[in-house]
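Visitor: Contents of input-v4.cif (mmCIF, C-alpha atoms and all ligand atoms):
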data_data
#
loop_
_atom_site.label_atom_id
_atom_site.label_comp_id
_atom_site.auth_asym_id
_atom_site.auth_seq_id
_atom_site.Cartn_x
_atom_site.Cartn_y
_atom_site.Cartn_z
CA MET A 1 3.08 3.37 -14.85
CA LYS A 2 2.26 5.83 -12.06
CA LYS A 3 4.91 5.91 -9.33
CA VAL A 4 3.39 5.38 -5.89
CA ILE A 5 4.30 4.86 -2.27
CA LEU A 6 1.73 2.77 -0.37
CA ASP A 7 1.36 3.61 3.33
CA CYS A 8 -0.80 0.98 4.95
CA ASP A 9 -1.65 -1.14 8.01
CA PRO A 10 -2.38 -4.66 6.64
CA GLY A 11 -5.11 -5.61 7.55
CA HIS A 12 -7.22 -7.72 5.22
CA ASP A 13 -8.43 -4.93 2.97
CA ASP A 14 -4.97 -3.36 2.88
CA ALA A 15 -3.73 -6.69 1.51
CA PHE A 16 -6.06 -6.28 -1.48
CA ALA A 17 -4.75 -2.73 -1.99
CA ILE A 18 -1.21 -4.15 -2.08
CA MET A 19 -2.22 -6.81 -4.64
CA LEU A 20 -3.86 -4.21 -6.91
CA ALA A 21 -1.06 -1.65 -6.60
CA ALA A 22 1.79 -4.11 -7.13
CA ARG A 23 0.19 -5.33 -10.37
CA HIS A 24 -0.80 -2.04 -11.97
CA LEU A 25 1.41 0.68 -10.47
CA GLU A 26 5.12 1.28 -9.93
CA VAL A 27 5.26 0.75 -6.17
CA LEU A 28 8.48 2.41 -5.00
CA GLY A 29 7.98 1.08 -1.49
CA ILE A 30 5.48 0.16 1.20
CA THR A 31 5.57 2.01 4.53
CA GLY A 32 3.80 0.45 7.47
CA ILE A 33 1.83 2.33 10.11
CA GLY A 34 0.40 1.06 13.38
CA GLY A 35 -3.36 0.76 12.99
CA ASN A 36 -5.24 -2.48 12.43
CA CYS A 37 -2.43 -4.14 14.37
CA VAL A 38 0.93 -3.23 15.87
CA ILE A 39 3.70 -2.10 13.52
CA GLU A 40 5.70 -5.33 13.77
CA ASN A 41 2.70 -7.31 12.50
CA VAL A 42 1.92 -4.67 9.87
CA ALA A 43 5.41 -5.03 8.40
CA ARG A 44 5.33 -8.84 8.61
CA ASN A 45 1.92 -8.96 6.93
CA ALA A 46 3.02 -6.68 4.10
CA LEU A 47 6.06 -8.90 3.48
CA LYS A 48 3.88 -12.03 3.51
CA ILE A 49 1.55 -10.60 0.86
CA LEU A 50 4.46 -9.41 -1.31
CA GLU A 51 6.08 -12.86 -1.17
CA LEU A 52 2.71 -14.50 -1.94
CA ILE A 53 2.35 -12.47 -5.14
CA GLY A 54 5.99 -12.90 -6.12
CA ARG A 55 7.04 -9.29 -5.45
CA PRO A 56 9.67 -9.49 -2.68
CA ASP A 57 11.52 -6.79 -4.66
CA ILE A 58 9.15 -4.12 -3.30
CA PRO A 59 10.84 -2.79 -0.13
CA VAL A 60 8.89 -2.61 3.13
CA PHE A 61 9.64 -0.01 5.80
CA LYS A 62 8.30 0.41 9.32
CA GLY A 63 6.89 3.87 9.97
CA HIS A 64 5.42 5.16 13.19
CA SER A 65 4.13 2.60 15.65
CA ARG A 66 1.51 5.00 17.07
CA PRO A 67 -0.27 8.32 16.36
CA LEU A 68 1.35 11.74 16.80
CA ALA A 69 -0.53 12.77 19.91
CA VAL A 70 -2.56 9.88 21.33
CA GLU A 71 -2.23 6.18 22.14
CA LEU A 72 -2.67 3.60 19.36
CA VAL A 73 -6.08 1.96 18.93
CA THR A 74 -6.01 -1.33 16.99
CA ALA A 75 -8.79 -3.41 15.42
CA PRO A 76 -8.11 -7.09 16.25
CA GLN A 77 -11.86 -7.64 16.26
CA PHE A 78 -11.87 -7.30 12.46
CA HIS A 79 -8.40 -8.50 11.49
CA GLY A 80 -7.42 -10.93 14.27
CA LYS A 81 -4.43 -10.73 16.60
CA SER A 82 -1.90 -11.08 13.77
CA GLY A 83 -3.72 -8.44 11.73
CA LEU A 84 -4.07 -10.94 8.87
CA ASP A 85 -5.82 -13.93 10.46
CA GLY A 86 -7.31 -16.63 8.23
CA PRO A 87 -4.82 -18.09 5.72
CA GLU A 88 -1.65 -19.82 6.89
CA LEU A 89 1.15 -17.84 5.22
CA PRO A 90 4.85 -18.73 5.67
CA GLU A 91 7.01 -16.43 7.79
CA PRO A 92 8.57 -13.93 5.36
CA ARG A 93 12.15 -14.50 4.28
CA THR A 94 12.55 -10.90 3.10
CA PRO A 95 13.80 -8.48 5.78
CA VAL A 96 12.14 -5.19 6.65
CA GLN A 97 14.31 -2.27 5.51
CA ASN A 98 16.36 -0.51 8.17
CA LYS A 99 15.35 3.03 7.19
CA HIS A 100 12.33 4.55 8.98
CA GLY A 101 9.25 4.75 6.78
CA VAL A 102 8.97 8.53 7.12
CA ASP A 103 12.60 8.96 6.00
CA PHE A 104 11.89 6.67 3.03
CA ILE A 105 8.93 8.85 2.01
CA VAL A 106 10.97 12.08 2.33
CA ASP A 107 14.13 10.76 0.64
CA THR A 108 12.18 9.15 -2.21
CA LEU A 109 10.16 12.30 -2.93
CA ARG A 110 13.32 14.40 -2.89
CA ALA A 111 14.89 12.01 -5.40
CA VAL A 112 11.82 11.19 -7.54
CA GLY A 113 9.11 13.74 -8.29
CA ASP A 114 5.49 13.22 -9.36
CA VAL A 115 4.81 10.42 -6.85
CA THR A 116 1.29 9.54 -5.70
CA LEU A 117 0.95 8.72 -2.01
CA ILE A 118 -1.70 6.08 -1.32
CA ALA A 119 -2.59 5.86 2.37
CA THR A 120 -4.93 3.17 3.66
CA GLY A 121 -4.25 3.42 7.39
CA PRO A 122 -3.95 6.23 9.92
CA LEU A 123 -2.18 9.24 8.35
CA THR A 124 0.62 9.53 10.91
CA ASN A 125 3.50 8.81 8.49
CA ILE A 126 2.18 11.18 5.83
CA ALA A 127 1.74 14.01 8.32
CA ALA A 128 5.17 13.35 9.83
CA ALA A 129 6.78 13.50 6.37
CA LEU A 130 5.03 16.82 5.61
CA ASN A 131 6.13 18.21 9.00
CA LYS A 132 9.71 17.01 8.56
CA ALA A 133 10.15 18.13 4.95
CA PRO A 134 7.68 20.74 3.63
CA ASP A 135 9.86 20.89 0.50
CA ILE A 136 8.36 17.58 -0.69
CA VAL A 137 4.89 19.12 -1.23
CA PRO A 138 5.38 20.07 -4.93
CA ARG A 139 6.84 16.63 -5.62
CA ILE A 140 3.66 14.84 -4.52
CA ARG A 141 1.26 14.30 -7.43
CA GLU A 142 -1.65 13.75 -5.03
CA ILE A 143 -2.55 11.88 -1.88
CA VAL A 144 -5.25 9.23 -2.24
CA ILE A 145 -6.56 7.90 1.06
CA MET A 146 -9.00 5.41 2.39
CA GLY A 147 -10.41 7.23 5.38
CA GLY A 148 -13.15 9.47 6.65
CA SER A 149 -16.63 9.72 5.24
CA VAL A 150 -18.93 12.26 3.67
CA SER A 151 -21.64 10.74 5.82
CA PHE A 152 -21.24 8.67 9.00
CA GLY A 153 -18.43 6.92 10.84
CA ASN A 154 -17.76 3.30 11.68
CA TRP A 155 -15.55 3.52 14.79
CA THR A 156 -17.78 6.19 16.36
CA PRO A 157 -21.04 7.54 14.98
CA ALA A 158 -19.07 10.39 13.37
CA ALA A 159 -15.53 9.07 12.79
CA GLU A 160 -14.06 6.43 10.50
CA PHE A 161 -11.29 4.27 12.03
CA ASN A 162 -8.22 5.57 10.14
CA ILE A 163 -9.05 9.19 10.90
CA PHE A 164 -10.19 8.40 14.45
CA VAL A 165 -6.87 6.73 15.28
CA ASP A 166 -4.88 9.87 14.45
CA PRO A 167 -7.11 12.93 13.91
CA GLU A 168 -4.19 15.39 14.31
CA ALA A 169 -2.34 13.71 11.46
CA ALA A 170 -5.44 13.71 9.27
CA TYR A 171 -6.02 17.40 10.03
CA ARG A 172 -2.42 18.13 8.93
CA VAL A 173 -2.86 16.24 5.67
CA PHE A 174 -6.20 17.78 4.70
CA ASN A 175 -4.91 21.26 5.55
CA SER A 176 -1.66 20.87 3.60
CA PRO A 177 -1.33 22.31 0.10
CA VAL A 178 -1.45 18.80 -1.41
CA HIS A 179 -4.63 17.73 -3.19
CA VAL A 180 -6.34 14.86 -1.38
CA LYS A 181 -8.67 12.28 -2.87
CA MET A 182 -10.73 10.66 -0.14
CA CYS A 183 -12.28 7.21 -0.40
CA GLY A 184 -14.61 7.56 2.54
CA LEU A 185 -17.03 5.03 3.95
CA ASN A 186 -19.84 6.52 1.86
CA LEU A 187 -17.89 5.20 -1.14
CA THR A 188 -16.22 2.06 0.20
CA ARG A 189 -19.52 0.66 1.44
CA GLN A 190 -20.39 0.34 -2.26
CA CYS A 191 -17.51 -2.14 -2.43
CA LEU A 192 -19.11 -4.89 -0.35
CA ILE A 193 -17.67 -8.31 -1.21
CA GLY A 194 -20.11 -11.09 -0.37
CA PRO A 195 -20.11 -14.91 -0.54
CA ALA A 196 -20.86 -14.88 -4.29
CA GLU A 197 -17.84 -12.73 -5.10
CA ALA A 198 -15.68 -14.76 -2.70
CA GLU A 199 -16.70 -17.99 -4.50
CA ARG A 200 -15.88 -16.35 -7.86
CA ILE A 201 -12.42 -15.54 -6.49
CA ARG A 202 -12.00 -19.05 -5.04
CA ARG A 203 -12.53 -20.48 -8.53
CA ILE A 204 -9.62 -18.46 -9.98
CA PRO A 205 -6.85 -21.07 -10.39
CA THR A 206 -4.00 -19.21 -8.70
CA ARG A 207 -2.49 -19.54 -5.22
CA THR A 208 -2.94 -15.79 -4.74
CA ALA A 209 -6.67 -16.07 -5.48
CA SER A 210 -7.13 -18.97 -3.06
CA VAL A 211 -5.37 -17.00 -0.30
CA ALA A 212 -7.50 -13.97 -1.20
CA ALA A 213 -10.60 -16.14 -0.75
CA GLU A 214 -9.35 -17.29 2.66
CA LEU A 215 -8.69 -13.69 3.67
CA LEU A 216 -12.27 -12.87 2.66
CA ASP A 217 -13.65 -15.88 4.56
CA PHE A 218 -12.11 -14.56 7.78
CA TYR A 219 -12.92 -10.90 7.13
CA MET A 220 -16.53 -11.59 6.07
CA GLU A 221 -17.14 -13.74 9.15
CA ALA A 222 -15.72 -11.02 11.40
CA CYS A 223 -17.94 -8.39 9.75
CA ARG A 224 -20.98 -10.68 10.00
CA LYS A 225 -20.39 -11.26 13.73
CA LEU A 226 -19.50 -7.66 14.58
CA ILE A 227 -21.75 -5.53 12.38
CA GLY A 228 -24.21 -8.06 10.98
CA SER A 229 -23.20 -7.43 7.37
CA ASP A 230 -23.45 -10.17 4.72
CA GLY A 231 -19.99 -9.47 3.41
CA ALA A 232 -16.91 -7.30 3.90
CA ASP A 233 -16.20 -3.86 2.49
CA LEU A 234 -12.89 -3.83 0.62
CA HIS A 235 -12.29 -0.28 1.83
CA ASP A 236 -8.58 0.10 1.03
CA ALA A 237 -8.75 -1.56 -2.37
CA CYS A 238 -10.90 1.39 -3.52
CA ALA A 239 -8.03 3.83 -2.92
CA ALA A 240 -5.60 1.78 -4.99
CA ALA A 241 -8.24 1.20 -7.70
CA TRP A 242 -8.90 4.95 -7.97
CA VAL A 243 -5.22 5.53 -8.77
CA ILE A 244 -5.12 2.62 -11.24
CA ASP A 245 -8.35 3.58 -13.07
CA PRO A 246 -9.49 7.16 -12.28
CA GLY A 247 -12.76 6.58 -14.18
CA LEU A 248 -13.77 3.86 -11.74
CA ILE A 249 -14.91 6.35 -9.10
CA LYS A 250 -16.89 9.56 -9.54
CA GLY A 251 -15.75 12.23 -7.11
CA ALA A 252 -16.95 15.64 -5.97
CA ALA A 253 -14.68 18.58 -5.09
CA MET A 254 -15.30 19.96 -1.63
CA ARG A 255 -13.69 21.48 1.44
CA ILE A 256 -12.78 18.78 3.95
CA THR A 257 -11.24 19.25 7.37
CA VAL A 258 -11.08 17.15 10.53
CA GLU A 259 -12.79 17.77 13.86
CA LEU A 260 -10.29 17.58 16.72
CA ARG A 261 -12.24 18.79 19.75
CA GLY A 262 -15.83 17.57 19.47
CA GLU A 263 -16.96 15.50 22.43
CA PHE A 264 -18.94 13.27 20.07
CA THR A 265 -17.31 14.14 16.77
CA ARG A 266 -13.52 13.97 17.27
CA GLY A 267 -12.04 12.38 14.15
CA MET A 268 -14.97 13.30 11.91
CA THR A 269 -14.14 14.43 8.38
CA VAL A 270 -16.23 17.59 8.09
CA CYS A 271 -17.17 17.81 4.41
CA ASP A 272 -18.59 21.02 3.00
CA TYR A 273 -20.31 20.30 -0.26
CA ARG A 274 -23.12 22.81 0.02
CA HIS A 275 -21.82 24.43 -3.16
CA LEU A 276 -22.94 21.27 -4.99
CA ARG A 277 -26.51 22.49 -4.48
CA GLY A 278 -25.74 24.94 -7.24
CA GLU A 279 -26.76 28.53 -6.38
CA ASP A 280 -26.76 28.18 -2.62
CA PRO A 281 -30.21 29.41 -1.44
CA LEU A 282 -28.85 29.90 2.09
CA ARG A 283 -25.82 32.00 1.15
CA ASP A 284 -27.54 35.30 1.98
CA ILE A 285 -28.77 33.94 5.31
CA TYR A 286 -25.23 32.89 6.25
CA HIS A 287 -23.79 36.26 5.34
CA GLU A 288 -26.60 38.24 7.04
CA ALA A 289 -26.12 36.15 10.18
CA GLY A 290 -22.37 36.69 9.89
CA THR A 291 -21.95 32.95 9.73
CA ALA A 292 -20.55 32.70 6.25
CA PRO A 293 -19.73 29.05 5.63
CA ARG A 294 -16.23 28.28 6.84
CA GLY A 295 -16.05 25.86 3.96
CA GLY A 296 -13.91 27.91 1.66
CA GLU A 297 -12.31 26.67 -1.52
CA PRO A 298 -12.35 22.89 -2.11
CA ASN A 299 -9.10 21.24 -0.99
CA ALA A 300 -10.09 17.69 -1.77
CA GLU A 301 -12.16 15.35 -3.90
CA ALA A 302 -14.42 12.90 -2.12
CA GLY A 303 -15.30 9.66 -3.88
CA MET A 304 -19.07 9.52 -4.26
CA GLU A 305 -19.89 6.74 -6.74
CA LEU A 306 -18.08 3.45 -7.43
CA ASP A 307 -18.43 1.56 -10.71
CA ARG A 308 -18.72 -1.75 -8.88
CA GLY A 309 -18.70 -3.95 -11.97
CA ARG A 310 -15.53 -2.28 -13.27
CA PHE A 311 -13.92 -2.66 -9.82
CA LEU A 312 -14.75 -6.39 -9.63
CA SER A 313 -13.35 -7.03 -13.14
CA LEU A 314 -10.13 -5.27 -12.12
CA LEU A 315 -9.96 -7.35 -8.94
CA TYR A 316 -10.62 -10.70 -10.63
CA ASP A 317 -8.18 -9.98 -13.49
CA THR A 318 -5.50 -8.92 -11.02
CA LEU A 319 -5.83 -12.07 -8.92
CA ALA A 320 -5.78 -14.24 -12.07
CA GLY A 321 -2.57 -12.55 -13.17
CA TYR A 322 -0.60 -13.57 -10.09
CA PRO A 323 1.08 -16.94 -9.34
O1 LIG B 1 -12.40 2.04 8.40
C1 LIG B 1 -11.78 1.19 7.48
C2 LIG B 1 -10.29 1.30 7.57
O2 LIG B 1 -9.87 0.87 8.85
C3 LIG B 1 -9.54 0.38 6.57
O3 LIG B 1 -8.35 1.01 6.18
C4 LIG B 1 -9.24 -0.84 7.38
O4 LIG B 1 -8.03 -1.50 6.95
C5 LIG B 1 -9.02 -0.25 8.73
O5 LIG B 1 -7.67 0.19 8.79
CA CA B 2 -6.21 -0.12 6.40
#
Let me see the file written as structure tokens.
Ligand code: RIB
Ligand code: CA
Guide:
Amino acid sequence: MKKVILDCDPGHDDAFAIMLAARHLEVLGITGIGGNCVIENVARNALKILELIGRPDIPVFKGHSRPLAVELVTAPQFHGKSGLDGPELPEPRTPVQNKHGVDFIVDTLRAVGDVTLIATGPLTNIAAALNKAPDIVPRIREIVIMGGSVSFGNWTPAAEFNIFVDPEAAYRVFNSPVHVKMCGLNLTRQCLIGPAEAERIRRIPTRTASVAAELLDFYMEACRKLIGSDGADLHDACAAAWVIDPGLIKGAAMRITVELRGEFTRGMTVCDYRHLRGEDPLRDIYHEAGTAPRGGEPNAEAGMELDRGRFLSLLYDTLAGYP
């Protein structure tokens, strides 16, 4: 099994990423990051999901409570005040670990190589670990994130929430030597879960599946009210699924960086995939005008196409395999 650390901000869709990862990957630990809700709720929600699926053995750590350089922005509109509104889940009996999440990431990578980092919240903890211990870079297999977009944003016209919350951290991650796989909104919007899929999940005879259906009920209603959609995108589950089954998502290599200064574009993932046009007809124009594309060599792979049927089978089988 692939060894992973899951950095997340549960959050309804993060909860599905936890369920997928815990079933199909060797989760060395979960590190929480302030994002959808405050860090205390993030940690509590992660523990609740782990106890629901019978995996209290997976340790949970609190990472940073806010971004590196700006105040925290949360999303109670989508996830409720607790960050996991909807189902009534018992208060967790398992304690949060004492070690800081960033120290857990650094110490684990120094002890265990070839670890995949899955990040489904703001990238503050990942950036902080890279800043604190550059020696961990060769020990990271790859970083797979839910964040950004090859096309448009959701929190602003240009920026997706996770990147918008901490653009400086995202810039650090994309400009590190580590290969990044990005499940952006252009991909995760292909993972819309609607009433039909929620009913299919509700019929799975496990407690985990019935809680999953209640999570979807809340999340779908919030999305319907706020953005008029007839379902909820399981954004974060795509990142975990891509690690579990690499064939489930078709990606494209490209240069990705993060806008930090744009009045209207701060937090935008600027994706240069002009080379995908094959022989670039504009190359000479750029060079003549002295505006050679700043793109440069690809540093990332952006998810472009989701095999939705294969994803849903993975999701249903996973939920059926839990208590
Ligand atoms: O924009 C979607 C992302 O923001 C997801 O990770 C969701 O959990 C929220 O954090
Ligand atoms: Ca998230």
Visitor: Restricting the calculation to all atoms listed in the file, which member of A:Pro177, A:Gly101, A:Gly153, A:Gly29 is positioned closest to Ala128 (chain A)?
Guide: A:Gly101
Visitor: Have a look at A:Ala196, A:Val173, A:Ala239, A:Ile143 and name the one nearest to ligand CA 2 (chain B); count all atoms listed in the file.
Guide: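 Counting all atoms listed in the file, the residue closest to ligand CA 2 (chain B) is A:Ala239.
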Visitor: Chain A near ligand CA 2 (chain B) within 8 Å: what's each residue's closest atom pair and its distance in Å to one decimal, counting only C-alpha atoms and all ligand atoms, ordered by chain then ascending residue number, as JSON lines?
Guide:
{"residue": "A:Cys8", "atom": "CA", "partner": "B:CA2", "partner_atom": "CA", "distance": 5.7}
{"residue": "A:Asp9", "atom": "CA", "partner": "B:CA2", "partner_atom": "CA", "distance": 4.9}
{"residue": "A:Pro10", "atom": "CA", "partner": "B:CA2", "partner_atom": "CA", "distance": 5.9}
{"residue": "A:Gly11", "atom": "CA", "partner": "B:CA2", "partner_atom": "CA", "distance": 5.7}
{"residue": "A:His12", "atom": "CA", "partner": "B:CA2", "partner_atom": "CA", "distance": 7.8}
{"residue": "A:Asp13", "atom": "CA", "partner": "B:CA2", "partner_atom": "CA", "distance": 6.3}
{"residue": "A:Asp14", "atom": "CA", "partner": "B:CA2", "partner_atom": "CA", "distance": 4.9}
{"residue": "A:Gly35", "atom": "CA", "partner": "B:CA2", "partner_atom": "CA", "distance": 7.2}
{"residue": "A:Asn36", "atom": "CA", "partner": "B:CA2", "partner_atom": "CA", "distance": 6.5}
{"residue": "A:Thr120", "atom": "CA", "partner": "B:CA2", "partner_atom": "CA", "distance": 4.5}
{"residue": "A:Gly121", "atom": "CA", "partner": "B:CA2", "partner_atom": "CA", "distance": 4.2}
{"residue": "A:Pro122", "atom": "CA", "partner": "B:CA2", "partner_atom": "CA", "distance": 7.6}
{"residue": "A:Met146", "atom": "CA", "partner": "B:CA2", "partner_atom": "CA", "distance": 7.4}
{"residue": "A:Asn162", "atom": "CA", "partner": "B:CA2", "partner_atom": "CA", "distance": 7.1}
{"residue": "A:His235", "atom": "CA", "partner": "B:CA2", "partner_atom": "CA", "distance": 7.6}
{"residue": "A:Asp236", "atom": "CA", "partner": "B:CA2", "partner_atom": "CA", "distance": 5.9}
Visitor: Would you please work out which residue, of A:Pro87, A:Gly147, A:Pro157, A:Pro56, is nearest to ligand LIG 1 (chain B) when using only C-alpha atoms and all ligand atoms?
Guide: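 That would be A:Gly147, the residue with the smallest distance to ligand LIG 1 (chain B).
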Visitor: Go ahead and find all residues with at least one atom no further than 9 Å from (-3.6, 10.1, 15.5) in the file's coordinates, using all atoms listed in the file; report them as a VMD selection string.
Guide: chain A and resid 66 to 72 122 to 124 162 to 170 267
Visitor: Could those selected residues go to a file with C-alpha atoms, as an mmCIF file, keeping the file's coordinate frame?
Guide:
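The result, stored in part_11.cif:
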data_model
loop_
_atom_site.group_PDB
_atom_site.id
_atom_site.type_symbol
_atom_site.label_atom_id
_atom_site.label_comp_id
_atom_site.auth_asym_id
_atom_site.auth_seq_id
_atom_site.Cartn_x
_atom_site.Cartn_y
_atom_site.Cartn_z
ATOM 1 C CA ARG A 66 1.510 5.000 17.070
ATOM 2 C CA PRO A 67 -0.270 8.320 16.360
ATOM 3 C CA LEU A 68 1.350 11.740 16.800
ATOM 4 C CA ALA A 69 -0.530 12.770 19.910
ATOM 5 C CA VAL A 70 -2.560 9.880 21.330
ATOM 6 C CA GLU A 71 -2.230 6.180 22.140
ATOM 7 C CA LEU A 72 -2.670 3.600 19.360
ATOM 8 C CA PRO A 122 -3.950 6.230 9.920
ATOM 9 C CA LEU A 123 -2.180 9.240 8.350
ATOM 10 C CA THR A 124 0.620 9.530 10.910
ATOM 11 C CA ASN A 162 -8.220 5.570 10.140
ATOM 12 C CA ILE A 163 -9.050 9.190 10.900
ATOM 13 C CA PHE A 164 -10.190 8.400 14.450
ATOM 14 C CA VAL A 165 -6.870 6.730 15.280
ATOM 15 C CA ASP A 166 -4.880 9.870 14.450
ATOM 16 C CA PRO A 167 -7.110 12.930 13.910
ATOM 17 C CA GLU A 168 -4.190 15.390 14.310
ATOM 18 C CA ALA A 169 -2.340 13.710 11.460
ATOM 19 C CA ALA A 170 -5.440 13.710 9.270
ATOM 20 C CA GLY A 267 -12.040 12.380 14.150
#
Visitor: Smallest atom-to-atom distance to Glu214 (chain A): which of A:Pro195, A:Pro134, A:Gly321, A:Pro76, using only C-alpha atoms?
Guide: A:Pro195
Visitor: Mind pulling up the distance from CA of Asp245 (chain A) to CA of Arg189 (chain A)?
Guide: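 Separation of CA of Arg189 (chain A) and CA of Asp245 (chain A): 18.5 Å.
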Visitor: Expressed in Å to a single decimal, how great is the separation between CA of Met268 (chain A) and CA of Val38 (chain A)?
Guide: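 Separating CA of Met268 (chain A) from CA of Val38 (chain A) is a distance of 23.3 Å.
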Visitor: Kindly indicate which residue among A:Ala127, A:Ala213, A:Leu47, A:Ala240 lies nearest to ligand LIG 1 (chain B), using all atoms listed in the file for the distances.
Guide: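 With all atoms listed in the file as the atom set, the closest residue is A:Ala240.
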Visitor: Which polymer residues, whether protein, DNA or RNA, lie within 10 Å of the coordinate (-13.1, 8.9, -1.2) when you count only C-alpha atoms? List them as a PyMOL selection string, using the chain letters and numbers from the file.
Guide: chain A and resi 144-150+180-188+235+238-239+242+249-252+300-306
Visitor: If you keep C-alpha atoms, can you produce a file of those selected residues as a PDB file, in the coordinates of the input?
Guide:
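See result-v4.pdb below for the written result:
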ATOM      1  CA  VAL A 144      -5.250   9.230  -2.240  1.00  0.00           C
ATOM      2  CA  ILE A 145      -6.560   7.900   1.060  1.00  0.00           C
ATOM      3  CA  MET A 146      -9.000   5.410   2.390  1.00  0.00           C
ATOM      4  CA  GLY A 147     -10.410   7.230   5.380  1.00  0.00           C
ATOM      5  CA  GLY A 148     -13.150   9.470   6.650  1.00  0.00           C
ATOM      6  CA  SER A 149     -16.630   9.720   5.240  1.00  0.00           C
ATOM      7  CA  VAL A 150     -18.930  12.260   3.670  1.00  0.00           C
ATOM      8  CA  VAL A 180      -6.340  14.860  -1.380  1.00  0.00           C
ATOM      9  CA  LYS A 181      -8.670  12.280  -2.870  1.00  0.00           C
ATOM     10  CA  MET A 182     -10.730  10.660  -0.140  1.00  0.00           C
ATOM     11  CA  CYS A 183     -12.280   7.210  -0.400  1.00  0.00           C
ATOM     12  CA  GLY A 184     -14.610   7.560   2.540  1.00  0.00           C
ATOM     13  CA  LEU A 185     -17.030   5.030   3.950  1.00  0.00           C
ATOM     14  CA  ASN A 186     -19.840   6.520   1.860  1.00  0.00           C
ATOM     15  CA  LEU A 187     -17.890   5.200  -1.140  1.00  0.00           C
ATOM     16  CA  THR A 188     -16.220   2.060   0.200  1.00  0.00           C
ATOM     17  CA  HIS A 235     -12.290  -0.280   1.830  1.00  0.00           C
ATOM     18  CA  CYS A 238     -10.900   1.390  -3.520  1.00  0.00           C
ATOM     19  CA  ALA A 239      -8.030   3.830  -2.920  1.00  0.00           C
ATOM     20  CA  TRP A 242      -8.900   4.950  -7.970  1.00  0.00           C
ATOM     21  CA  ILE A 249     -14.910   6.350  -9.100  1.00  0.00           C
ATOM     22  CA  LYS A 250     -16.890   9.560  -9.540  1.00  0.00           C
ATOM     23  CA  GLY A 251     -15.750  12.230  -7.110  1.00  0.00           C
ATOM     24  CA  ALA A 252     -16.950  15.640  -5.970  1.00  0.00           C
ATOM     25  CA  ALA A 300     -10.090  17.690  -1.770  1.00  0.00           C
ATOM     26  CA  GLU A 301     -12.160  15.350  -3.900  1.00  0.00           C
ATOM     27  CA  ALA A 302     -14.420  12.900  -2.120  1.00  0.00           C
ATOM     28  CA  GLY A 303     -15.300   9.660  -3.880  1.00  0.00           C
ATOM     29  CA  MET A 304     -19.070   9.520  -4.260  1.00  0.00           C
ATOM     30  CA  GLU A 305     -19.890   6.740  -6.740  1.00  0.00           C
ATOM     31  CA  LEU A 306     -18.080   3.450  -7.430  1.00  0.00           C
TER      32      LEU A 306
END
Visitor: What is the CA of Asp317 (chain A)-CA of Arg55 (chain A) distance in Å, reported with one decimal?
Guide: 17.2 Å
Visitor: Specify the axis-aligned box that encloses all atoms of ligand LIG 1 (chain B) listed in the file after padding of 3 Å on each side, stating its centre and edge lengths in Å to one decimal as AutoDock Vina command-line options.
Guide:
--center_x -10.0 --center_y 0.3 --center_z 7.5 --size_x 10.7 --size_y 9.5 --size_z 8.7
Visitor: For a quick check of understanding, using all atoms listed in the file, which of A:Ala209, A:His64, A:His179, A:Gly113 has the smallest distance to Pro298 (chain A)?
Guide: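 Counting all atoms listed in the file, the residue closest to Pro298 (chain A) is A:His179.
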Visitor: Counting all atoms listed in the file, what is within 12 Å of Leu89 (chain A), bar same-chain residues fewer than 2 positions away, as a list of chain:residue names?
Guide: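 The residues that qualify are A:Arg44, A:Asn45, A:Ala46, A:Leu47, A:Lys48, A:Ile49, A:Leu50, A:Glu51, A:Leu52, A:Ile53, A:Ser82, A:Leu84, A:Asp85, A:Gly86, A:Pro87, A:Glu91, A:Pro92, A:Arg93, A:Arg207, A:Thr208, A:Ser210, A:Val211, A:Ala212, A:Glu214, A:Leu215.
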Visitor: Identify, on the basis of all atoms listed in the file, every residue whose closest approach to region 257-264 of chain A does not exceed 6 Å; exclude the query and any residue fewer than 5 positions from it along the same chain; express the result as a PyMOL selection string.
Guide: chain A and resi 171+174+269-270
